[in-house]
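Coordinates as given in coords06.cif (mmCIF, C-alpha atoms):
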```cif
data_my_file
#
loop_
_atom_site.group_PDB
_atom_site.id
_atom_site.type_symbol
_atom_site.label_atom_id
_atom_site.label_comp_id
_atom_site.auth_asym_id
_atom_site.auth_seq_id
_atom_site.Cartn_x
_atom_site.Cartn_y
_atom_site.Cartn_z
ATOM 1 C CA MET A 3 12.822 -88.038 -32.965
ATOM 2 C CA THR A 4 10.138 -85.954 -31.556
ATOM 3 C CA ALA A 5 9.885 -82.319 -32.553
ATOM 4 C CA THR A 6 10.036 -79.869 -29.730
ATOM 5 C CA ALA A 7 7.913 -76.736 -29.869
ATOM 6 C CA VAL A 8 9.875 -73.533 -29.951
ATOM 7 C CA PRO A 9 8.240 -70.799 -27.875
ATOM 8 C CA ALA A 10 7.285 -67.752 -29.894
ATOM 9 C CA ARG A 11 9.199 -64.626 -29.186
ATOM 10 C CA THR A 12 7.159 -61.875 -27.648
ATOM 11 C CA ALA A 13 7.695 -58.286 -28.684
ATOM 12 C CA PRO A 14 9.166 -56.136 -25.944
ATOM 13 C CA ALA A 15 6.534 -54.080 -24.161
ATOM 14 C CA GLN A 16 6.707 -50.432 -25.066
ATOM 15 C CA ALA A 17 6.874 -47.988 -22.204
ATOM 16 C CA PRO A 18 3.890 -45.609 -21.976
ATOM 17 C CA PRO A 19 4.592 -42.106 -23.216
ATOM 18 C CA THR A 20 5.815 -39.901 -20.439
ATOM 19 C CA ARG A 21 4.176 -36.598 -19.858
ATOM 20 C CA PRO A 22 6.429 -33.579 -19.445
ATOM 21 C CA ARG A 23 6.775 -32.587 -15.864
ATOM 22 C CA LYS A 24 5.396 -29.277 -14.697
ATOM 23 C CA GLN A 25 8.853 -28.125 -13.683
ATOM 24 C CA ASP A 26 10.221 -28.799 -17.189
ATOM 25 C CA ALA A 27 7.265 -27.011 -18.767
ATOM 26 C CA ARG A 28 7.885 -24.021 -16.549
ATOM 27 C CA HIS A 29 11.509 -23.770 -17.668
ATOM 28 C CA LYS A 30 10.476 -23.919 -21.332
ATOM 29 C CA ARG A 31 8.415 -20.743 -21.191
ATOM 30 C CA GLY A 32 11.262 -18.708 -22.555
ATOM 31 C CA VAL A 33 12.977 -15.484 -21.642
ATOM 32 C CA GLY A 34 9.763 -13.587 -20.985
ATOM 33 C CA ARG A 35 9.408 -15.078 -17.501
ATOM 34 C CA TRP A 36 12.868 -13.900 -16.496
ATOM 35 C CA LEU A 37 12.256 -10.439 -17.932
ATOM 36 C CA VAL A 38 9.114 -10.078 -15.843
ATOM 37 C CA LEU A 39 11.005 -11.254 -12.757
ATOM 38 C CA ALA A 40 13.835 -8.784 -13.415
ATOM 39 C CA LEU A 41 11.341 -5.947 -13.884
ATOM 40 C CA ALA A 42 9.643 -6.861 -10.599
ATOM 41 C CA VAL A 43 13.006 -6.799 -8.792
ATOM 42 C CA VAL A 44 13.818 -3.366 -10.258
ATOM 43 C CA VAL A 45 10.442 -1.976 -9.168
ATOM 44 C CA ALA A 46 10.891 -3.432 -5.670
ATOM 45 C CA LEU A 47 14.347 -1.848 -5.352
ATOM 46 C CA ALA A 48 12.977 1.500 -6.534
ATOM 47 C CA MET A 49 10.259 1.337 -3.891
ATOM 48 C CA LEU A 50 12.705 0.379 -1.131
ATOM 49 C CA ALA A 51 15.263 3.057 -2.008
ATOM 50 C CA PRO A 52 13.522 5.928 -0.104
ATOM 51 C CA PHE A 53 13.233 3.761 3.013
ATOM 52 C CA VAL A 54 16.911 2.817 2.844
ATOM 53 C CA ILE A 55 17.903 6.488 2.525
ATOM 54 C CA MET A 56 15.626 7.362 5.452
ATOM 55 C CA VAL A 57 17.272 4.712 7.663
ATOM 56 C CA LEU A 58 20.778 5.886 6.682
ATOM 57 C CA ASN A 59 20.022 9.521 7.536
ATOM 58 C CA ALA A 60 18.137 8.677 10.755
ATOM 59 C CA PHE A 61 21.349 7.464 12.400
ATOM 60 C CA LYS A 62 23.707 10.042 10.876
ATOM 61 C CA SER A 63 24.985 13.130 12.657
ATOM 62 C CA PRO A 64 24.132 16.584 11.233
ATOM 63 C CA ALA A 65 27.847 17.260 10.599
ATOM 64 C CA GLN A 66 28.261 14.110 8.537
ATOM 65 C CA TYR A 67 25.008 14.804 6.688
ATOM 66 C CA SER A 68 26.234 18.278 5.711
ATOM 67 C CA GLN A 69 29.697 17.053 4.765
ATOM 68 C CA ASP A 70 29.060 13.690 3.041
ATOM 69 C CA GLY A 71 25.500 14.122 1.805
ATOM 70 C CA PRO A 72 22.359 11.983 2.231
ATOM 71 C CA LEU A 73 23.694 8.904 0.391
ATOM 72 C CA SER A 74 26.717 8.305 2.603
ATOM 73 C CA ILE A 75 26.898 5.464 5.124
ATOM 74 C CA PRO A 76 26.943 6.573 8.795
ATOM 75 C CA THR A 77 30.361 6.275 10.379
ATOM 76 C CA GLU A 78 28.876 6.120 13.883
ATOM 77 C CA LEU A 79 25.501 5.321 15.423
ATOM 78 C CA TYR A 80 23.872 8.714 16.079
ATOM 79 C CA LEU A 81 20.802 8.382 18.332
ATOM 80 C CA GLU A 82 20.271 12.005 19.313
ATOM 81 C CA GLY A 83 17.917 12.489 16.349
ATOM 82 C CA VAL A 84 15.499 9.914 17.758
ATOM 83 C CA GLN A 85 15.797 11.413 21.237
ATOM 84 C CA ASN A 86 15.189 14.949 19.933
ATOM 85 C CA PHE A 87 12.099 13.875 18.008
ATOM 86 C CA TRP A 88 10.750 11.919 20.989
ATOM 87 C CA THR A 89 11.097 14.832 23.423
ATOM 88 C CA ARG A 90 10.331 17.790 21.133
ATOM 89 C CA THR A 91 7.068 16.382 19.799
ATOM 90 C CA ASN A 92 5.915 14.411 22.875
ATOM 91 C CA PHE A 93 5.683 11.335 20.654
ATOM 92 C CA PRO A 94 3.731 9.047 23.047
ATOM 93 C CA GLN A 95 0.884 11.572 23.143
ATOM 94 C CA LYS A 96 0.913 11.996 19.356
ATOM 95 C CA LEU A 97 0.972 8.213 18.922
ATOM 96 C CA TRP A 98 -2.062 7.766 21.151
ATOM 97 C CA ASN A 99 -3.940 10.522 19.300
ATOM 98 C CA SER A 100 -3.248 8.914 15.917
ATOM 99 C CA VAL A 101 -4.221 5.427 17.092
ATOM 100 C CA PHE A 102 -7.371 6.710 18.807
ATOM 101 C CA ILE A 103 -8.587 8.710 15.802
ATOM 102 C CA SER A 104 -7.661 6.107 13.183
ATOM 103 C CA ALA A 105 -9.191 3.166 15.069
ATOM 104 C CA ILE A 106 -12.537 4.867 15.689
ATOM 105 C CA VAL A 107 -12.722 6.103 12.091
ATOM 106 C CA ALA A 108 -11.901 2.612 10.786
ATOM 107 C CA VAL A 109 -14.643 0.944 12.844
ATOM 108 C CA GLY A 110 -17.219 3.722 12.443
ATOM 109 C CA GLY A 111 -16.595 4.198 8.726
ATOM 110 C CA THR A 112 -16.884 0.452 8.043
ATOM 111 C CA LEU A 113 -20.110 0.142 10.038
ATOM 112 C CA LEU A 114 -21.658 3.184 8.361
ATOM 113 C CA SER A 115 -20.619 1.875 4.931
ATOM 114 C CA LEU A 116 -22.281 -1.468 5.650
ATOM 115 C CA LEU A 117 -25.553 0.118 6.774
ATOM 116 C CA ASN A 118 -25.686 2.506 3.812
ATOM 117 C CA ALA A 119 -24.787 -0.193 1.293
ATOM 118 C CA TYR A 120 -27.344 -2.601 2.786
ATOM 119 C CA ALA A 121 -30.098 -0.039 2.326
ATOM 120 C CA ILE A 122 -28.984 0.843 -1.202
ATOM 121 C CA GLY A 123 -27.854 -2.510 -2.579
ATOM 122 C CA VAL A 124 -30.228 -4.930 -0.833
ATOM 123 C CA GLY A 125 -33.092 -2.644 0.105
ATOM 124 C CA ARG A 126 -33.412 -1.491 -3.519
ATOM 125 C CA ILE A 127 -34.434 2.060 -2.663
ATOM 126 C CA ARG A 128 -35.536 4.375 -5.449
ATOM 127 C CA GLY A 129 -32.833 6.244 -7.307
ATOM 128 C CA ARG A 130 -30.192 3.718 -6.310
ATOM 129 C CA MET A 131 -27.830 4.550 -9.168
ATOM 130 C CA TRP A 132 -28.059 8.291 -8.531
ATOM 131 C CA ILE A 133 -27.302 7.815 -4.838
ATOM 132 C CA VAL A 134 -24.261 5.621 -5.555
ATOM 133 C CA THR A 135 -23.043 8.192 -8.095
ATOM 134 C CA LEU A 136 -23.499 10.926 -5.486
ATOM 135 C CA PHE A 137 -21.332 8.996 -3.029
ATOM 136 C CA LEU A 138 -18.668 8.575 -5.711
ATOM 137 C CA VAL A 139 -18.673 12.306 -6.545
ATOM 138 C CA ALA A 140 -18.526 13.215 -2.840
ATOM 139 C CA ASN A 141 -15.477 10.997 -2.432
ATOM 140 C CA MET A 142 -13.709 12.852 -5.275
ATOM 141 C CA LEU A 143 -14.109 16.333 -3.770
ATOM 142 C CA PRO A 144 -10.778 17.878 -2.666
ATOM 143 C CA GLN A 145 -10.325 18.537 1.028
ATOM 144 C CA GLU A 146 -9.384 22.154 0.337
ATOM 145 C CA ALA A 147 -12.944 22.765 -0.883
ATOM 146 C CA LEU A 148 -14.448 21.292 2.286
ATOM 147 C CA ILE A 149 -12.205 22.668 4.998
ATOM 148 C CA TYR A 150 -13.835 26.101 5.524
ATOM 149 C CA PRO A 151 -17.433 24.888 5.997
ATOM 150 C CA LEU A 152 -16.201 21.991 8.130
ATOM 151 C CA PHE A 153 -14.154 24.292 10.348
ATOM 152 C CA ASP A 154 -17.095 26.708 10.707
ATOM 153 C CA MET A 155 -19.528 23.913 11.618
ATOM 154 C CA ALA A 156 -17.067 22.501 14.173
ATOM 155 C CA GLN A 157 -16.891 25.873 15.884
ATOM 156 C CA GLN A 158 -20.678 26.264 15.913
ATOM 157 C CA VAL A 159 -21.301 22.878 17.566
ATOM 158 C CA GLY A 160 -18.489 23.299 20.099
ATOM 159 C CA LEU A 161 -15.989 20.849 18.583
ATOM 160 C CA SER A 162 -13.237 23.341 17.894
ATOM 161 C CA ASN A 163 -9.797 21.811 18.571
ATOM 162 C CA SER A 164 -11.481 18.493 19.369
ATOM 163 C CA GLN A 165 -10.439 15.101 18.103
ATOM 164 C CA TRP A 166 -14.101 14.183 17.676
ATOM 165 C CA SER A 167 -14.435 16.761 14.915
ATOM 166 C CA VAL A 168 -11.718 14.954 12.939
ATOM 167 C CA ILE A 169 -13.294 11.579 13.759
ATOM 168 C CA ILE A 170 -16.734 12.635 12.500
ATOM 169 C CA ILE A 171 -15.323 14.220 9.340
ATOM 170 C CA PHE A 172 -13.194 11.247 8.335
ATOM 171 C CA THR A 173 -15.887 8.720 9.257
ATOM 172 C CA VAL A 174 -18.206 10.378 6.740
ATOM 173 C CA ILE A 175 -15.461 10.821 4.116
ATOM 174 C CA GLN A 176 -14.234 7.228 4.348
ATOM 175 C CA SER A 177 -17.763 5.819 4.419
ATOM 176 C CA ALA A 178 -18.488 7.549 1.096
ATOM 177 C CA PHE A 179 -15.953 5.299 -0.594
ATOM 178 C CA GLY A 180 -17.025 2.279 1.442
ATOM 179 C CA THR A 181 -20.677 2.798 0.553
ATOM 180 C CA TYR A 182 -19.865 3.041 -3.138
ATOM 181 C CA LEU A 183 -17.831 -0.181 -3.009
ATOM 182 C CA LEU A 184 -20.201 -2.239 -0.856
ATOM 183 C CA ALA A 185 -23.329 -1.055 -2.697
ATOM 184 C CA SER A 186 -21.856 -2.416 -5.911
ATOM 185 C CA VAL A 187 -21.113 -5.737 -4.182
ATOM 186 C CA LEU A 188 -24.489 -6.059 -2.458
ATOM 187 C CA GLY A 189 -26.293 -5.078 -5.665
ATOM 188 C CA THR A 190 -25.379 -8.525 -7.032
ATOM 189 C CA PHE A 191 -26.373 -10.355 -3.835
ATOM 190 C CA PRO A 192 -28.425 -13.540 -4.552
ATOM 191 C CA PRO A 193 -32.124 -12.638 -4.030
ATOM 192 C CA ALA A 194 -32.987 -16.287 -3.302
ATOM 193 C CA LEU A 195 -30.970 -16.145 -0.086
ATOM 194 C CA LEU A 196 -32.815 -13.075 1.128
ATOM 195 C CA GLU A 197 -36.214 -14.481 0.159
ATOM 196 C CA ALA A 198 -35.507 -17.742 1.966
ATOM 197 C CA ALA A 199 -34.519 -15.855 5.116
ATOM 198 C CA ALA A 200 -37.632 -13.664 4.894
ATOM 199 C CA LEU A 201 -39.869 -16.744 4.494
ATOM 200 C CA ASP A 202 -38.326 -18.160 7.661
ATOM 201 C CA GLY A 203 -39.491 -15.048 9.510
ATOM 202 C CA ALA A 204 -36.180 -13.202 9.735
ATOM 203 C CA SER A 205 -36.382 -9.420 10.038
ATOM 204 C CA ARG A 206 -34.248 -7.075 7.953
ATOM 205 C CA TRP A 207 -31.943 -6.491 10.896
ATOM 206 C CA ARG A 208 -31.476 -10.247 11.359
ATOM 207 C CA ILE A 209 -30.909 -10.745 7.620
ATOM 208 C CA LEU A 210 -28.197 -8.100 7.744
ATOM 209 C CA TRP A 211 -26.214 -9.659 10.588
ATOM 210 C CA GLN A 212 -26.847 -13.364 9.984
ATOM 211 C CA VAL A 213 -27.001 -13.575 6.178
ATOM 212 C CA VAL A 214 -25.306 -10.561 4.587
ATOM 213 C CA TYR A 215 -22.585 -9.812 7.142
ATOM 214 C CA PRO A 216 -20.903 -13.294 7.130
ATOM 215 C CA ILE A 217 -20.601 -13.151 3.323
ATOM 216 C CA VAL A 218 -19.142 -9.624 3.085
ATOM 217 C CA LYS A 219 -16.998 -9.968 6.226
ATOM 218 C CA PRO A 220 -13.689 -10.325 4.278
ATOM 219 C CA THR A 221 -14.484 -7.153 2.301
ATOM 220 C CA LEU A 222 -15.281 -5.306 5.520
ATOM 221 C CA GLY A 223 -11.909 -6.357 6.940
ATOM 222 C CA VAL A 224 -10.116 -4.892 3.924
ATOM 223 C CA LEU A 225 -12.088 -1.638 4.232
ATOM 224 C CA MET A 226 -11.257 -1.359 7.924
ATOM 225 C CA ILE A 227 -7.524 -1.750 7.257
ATOM 226 C CA PHE A 228 -7.600 0.814 4.435
ATOM 227 C CA PHE A 229 -9.607 3.302 6.515
ATOM 228 C CA PHE A 230 -7.113 3.007 9.379
ATOM 229 C CA ILE A 231 -4.076 3.584 7.141
ATOM 230 C CA TRP A 232 -5.704 6.429 5.192
ATOM 231 C CA THR A 233 -6.726 8.233 8.379
ATOM 232 C CA TRP A 234 -3.285 7.636 9.913
ATOM 233 C CA ASN A 235 -1.623 9.456 6.996
ATOM 234 C CA GLU A 236 -4.046 12.402 6.836
ATOM 235 C CA PHE A 237 -2.431 15.791 7.315
ATOM 236 C CA PHE A 238 -4.408 18.765 6.007
ATOM 237 C CA ILE A 239 -7.708 18.480 7.897
ATOM 238 C CA PRO A 240 -6.085 17.540 11.253
ATOM 239 C CA LEU A 241 -3.651 20.450 10.793
ATOM 240 C CA VAL A 242 -6.551 22.911 10.518
ATOM 241 C CA MET A 243 -8.931 21.351 13.044
ATOM 242 C CA LEU A 244 -6.407 20.495 15.790
ATOM 243 C CA THR A 245 -4.511 23.539 17.023
ATOM 244 C CA THR A 246 -2.825 22.435 20.273
ATOM 245 C CA ASN A 247 -0.045 19.927 20.883
ATOM 246 C CA ASP A 248 -2.107 17.633 23.102
ATOM 247 C CA THR A 249 -4.634 16.917 20.316
ATOM 248 C CA GLN A 250 -2.413 16.738 17.225
ATOM 249 C CA THR A 251 -1.369 13.582 15.356
ATOM 250 C CA ILE A 252 1.952 12.148 14.144
ATOM 251 C CA PRO A 253 1.974 13.727 10.630
ATOM 252 C CA ILE A 254 1.567 17.164 12.219
ATOM 253 C CA ALA A 255 4.405 16.386 14.636
ATOM 254 C CA LEU A 256 6.675 15.568 11.691
ATOM 255 C CA ALA A 257 5.760 18.822 9.966
ATOM 256 C CA SER A 258 6.559 20.808 13.123
ATOM 257 C CA LEU A 259 10.226 19.780 12.834
ATOM 258 C CA GLN A 260 10.703 21.871 9.690
ATOM 259 C CA GLY A 261 11.300 25.583 10.018
ATOM 260 C CA ASP A 262 11.119 28.374 7.474
ATOM 261 C CA ARG A 263 14.889 28.759 7.065
ATOM 262 C CA MET A 264 16.429 25.511 8.324
ATOM 263 C CA MET A 265 15.684 21.814 8.731
ATOM 264 C CA ASP A 266 17.342 19.221 10.928
ATOM 265 C CA ALA A 267 17.478 16.377 8.402
ATOM 266 C CA PRO A 268 18.671 13.602 10.805
ATOM 267 C CA THR A 269 15.930 14.439 13.323
ATOM 268 C CA THR A 270 13.305 14.548 10.569
ATOM 269 C CA ASN A 271 14.402 11.183 9.173
ATOM 270 C CA ALA A 272 14.543 9.695 12.663
ATOM 271 C CA GLY A 273 11.019 10.956 13.319
ATOM 272 C CA ALA A 274 9.778 9.488 10.046
ATOM 273 C CA LEU A 275 11.366 6.140 10.923
ATOM 274 C CA VAL A 276 9.872 6.058 14.414
ATOM 275 C CA SER A 277 6.468 7.099 13.046
ATOM 276 C CA LEU A 278 6.585 4.365 10.425
ATOM 277 C CA ILE A 279 7.093 1.539 12.917
ATOM 278 C CA PRO A 280 3.497 1.499 14.341
ATOM 279 C CA ALA A 281 1.997 1.447 10.839
ATOM 280 C CA VAL A 282 4.256 -1.449 9.815
ATOM 281 C CA ILE A 283 3.340 -3.394 12.966
ATOM 282 C CA PHE A 284 -0.368 -2.806 12.245
ATOM 283 C CA PHE A 285 0.067 -4.044 8.682
ATOM 284 C CA LEU A 286 1.948 -7.168 9.782
ATOM 285 C CA ILE A 287 -0.743 -8.011 12.336
ATOM 286 C CA PHE A 288 -3.605 -7.708 9.844
ATOM 287 C CA GLN A 289 -1.741 -8.961 6.774
ATOM 288 C CA ARG A 290 -3.621 -12.255 6.671
ATOM 289 C CA THR A 291 -6.953 -10.453 7.012
ATOM 290 C CA LEU A 292 -6.034 -8.237 4.068
ATOM 291 C CA THR A 293 -4.923 -11.212 1.972
ATOM 292 C CA ARG A 294 -8.086 -13.198 2.697
ATOM 293 C CA GLY A 295 -10.278 -10.221 1.922
ATOM 294 C CA VAL A 296 -8.594 -9.470 -1.397
ATOM 295 C CA THR A 297 -8.661 -13.100 -2.575
ATOM 296 C CA ALA A 298 -12.120 -13.964 -1.213
ATOM 297 C CA GLY A 299 -13.901 -12.972 -4.401
ATOM 298 C CA ALA A 300 -11.570 -15.018 -6.604
ATOM 299 C CA VAL A 301 -12.674 -18.376 -5.150
ATOM 300 C CA LYS A 302 -16.101 -19.629 -6.145
#
```
Just give me the structure as structure tokens.
Amino acid sequence: MTATAVPARTAPAQAPPTRPRKQDARHKRGVGRWLVLALAVVVALAMLAPFVIMVLNAFKSPAQYSQDGPLSIPTELYLEGVQNFWTRTNFPQKLWNSVFISAIVAVGGTLLSLLNAYAIGVGRIRGRMWIVTLFLVANMLPQEALIYPLFDMAQQVGLSNSQWSVIIIFTVIQSAFGTYLLASVLGTFPPALLEAAALDGASRWRILWQVVYPIVKPTLGVLMIFFFIWTWNEFFIPLVMLTTNDTQTIPIALASLQGDRMMDAPTTNAGALVSLIPAVIFFLIFQRTLTRGVTAGAVK
């Protein structure tokens, strides 16, 4: 008899250790993640509550507002508040005035901020820190302290009751903040880039628009959006400088609805709702520009 070889048994292959999936790891973070999410939802609801109340009262009749209060749900669609605001304030004219002033201030303030910051941050002029500090202090001055000399100067140069007086004032005020911000950014600009451009024969003007501007373009977009919104919401200086209906802006039109002894709450809420729509449309249009500008510095 011949012996037959018995094949050796092989040990079963062990499966490689499995790594925990990212989704499982996310669910194992504990209760803290859900607490943060719940807190964010509460904050969002608190921020949306005034807008919800404004919408409810914009389409509510004055009788129902007096009887049921501001938190009641409208029983019928009341549109006379919107019509009254539209006709009493000449809203199309006020809308054009606000857009005209805010757009020019946004563009002019951003351009002036870029030129000032380029001279301070890249040009390395003497007393750079003192100049930046001066811009910061000027931006912190209250408007009540500036209004009398500004009003007097506007009268002396023939800009009384002129939209250009408001445009010039807010261009300088907004550029003070923009100069402070951009000077800090351009102060850390890589000198090698500027030296290479200068060795290639580029002038300072060409370095500004072909080297510096493409890098700080996202920041300039954010500044332009902020300048537009800030100027859109300004009330005190336009109230003093603009004295006739054909030159006034939307915030002044809203204030004109309130009297000394009475207030039409539905018309005021309807006016606030109508006035809010252009600002929301502007934000939605430039939302991606704002997002790119805010996150541009986070990506190396």
Next item on the list: Rank nothing, just name the residue among A:Ala255, A:Leu41, A:Ile106, A:Ile171 nearest to Thr269 (chain A), using all atoms listed in the file.
Entry: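 Under the stated criterion, the closest residue is A:Ala255.
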Next item on the list: Work out how far apart CA of Ile252 (chain A) and CA of Lys96 (chain A) are and give it in Å to one decimal.
Entry: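 Going from CA of Ile252 (chain A) over to CA of Lys96 (chain A) covers 5.3 Å.
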Item checked: Surrounding residues of Tyr80 (chain A) excluding itself and chain neighbours under 3 positions, 8 Å, only C-alpha atoms, as a PyMOL selection string -> chain A and resi 60-63+83
Show which residues sit within 12 Å of Glu146 (chain A), as a PDB file with C-alpha atoms, in the frame of the given file. Count all atoms listed in the file, and ignore same-chain residues fewer than 6 positions away.
```
ATOM      1  CA  LEU A 152     -16.201  21.991   8.130  1.00  0.00           C
ATOM      2  CA  PHE A 153     -14.154  24.292  10.348  1.00  0.00           C
ATOM      3  CA  PHE A 237      -2.431  15.791   7.315  1.00  0.00           C
ATOM      4  CA  PHE A 238      -4.408  18.765   6.007  1.00  0.00           C
ATOM      5  CA  ILE A 239      -7.708  18.480   7.897  1.00  0.00           C
ATOM      6  CA  VAL A 242      -6.551  22.911  10.518  1.00  0.00           C
TER       7      VAL A 242
END
```
Note to self: For Gly180 (chain A), find every residue with an atom within 12 Å (counting only C-alpha atoms), except residues of its own chain fewer than 5 positions away, and show them as JSON, numbers by chain.
What the structure shows: {"A": [108, 109, 110, 111, 112, 113, 114, 115, 116, 117, 118, 119, 120, 134, 137, 138, 140, 141, 172, 173, 174, 175, 185, 186, 187, 188, 221, 222, 223, 224, 225, 226, 227, 228, 229]}
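Closest approach to Val214 (chain A) among A:Thr190, A:Asn92, A:Ser258, A:Ser167 is made by A:Thr190 (distances from all atoms listed in the file).
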Check: CA of Arg290 (chain A) to CA of Thr181 (chain A): how many Å, to one decimal?
Finding: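 Between CA of Arg290 (chain A) and CA of Thr181 (chain A) the gap is 23.6 Å.
Computed from the coordinates, the CA of Gln165 (chain A) to CA of Leu241 (chain A) distance equals 11.3 Å.
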Note to self: Taking all atoms listed in the file into account, name the residue in A:Gln176, A:Ser100, A:Asn271, A:Thr291 that is nearest to Pro52 (chain A).
What the structure shows: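 Closest to Pro52 (chain A) of all the choices is A:Asn271.
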Checklist line | Nearest candidate to Val57 (chain A) (options A:Gln157, A:Thr270, A:Ser104, A:Asn235; using all atoms listed in the file) | finding: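 Closest candidate: A:Thr270.
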Check: Near Asn86 (chain A), counting only C-alpha atoms, which residues have an atom at most 10 Å away, once you skip same-chain residues fewer than 2 positions from it, shown as a PyMOL selection string?
Finding: chain A and resi 81-84+88-92+259+268-270+272-273
Box for region 59-75 of chain A - axis-aligned, 3 Å on each of the six sides, all listed atoms - centre and size in Å to one decimal, as AutoDock Vina command-line options.
```
--center_x 23.9 --center_y 11.9 --center_z 6.5 --size_x 17.6 --size_y 18.8 --size_z 18.3
```
Margin query: Starting from the PyMOL selection byres ((chain A and resi 73) around 12), expand the selection into actual residues of this file and give them as an NGL selection string.
Written below: :A and (51-60 or 62 or 66-72 or 74-76)
Check: At a cut-off of 12 Å from (-28.1, -10.7, 8.5) in the coordinates of the file, what residues are picked up using all atoms listed in the file, written as a ChimeraX atom specification?
Finding: /A:116-117,120,124,195-196,199-200,204-219
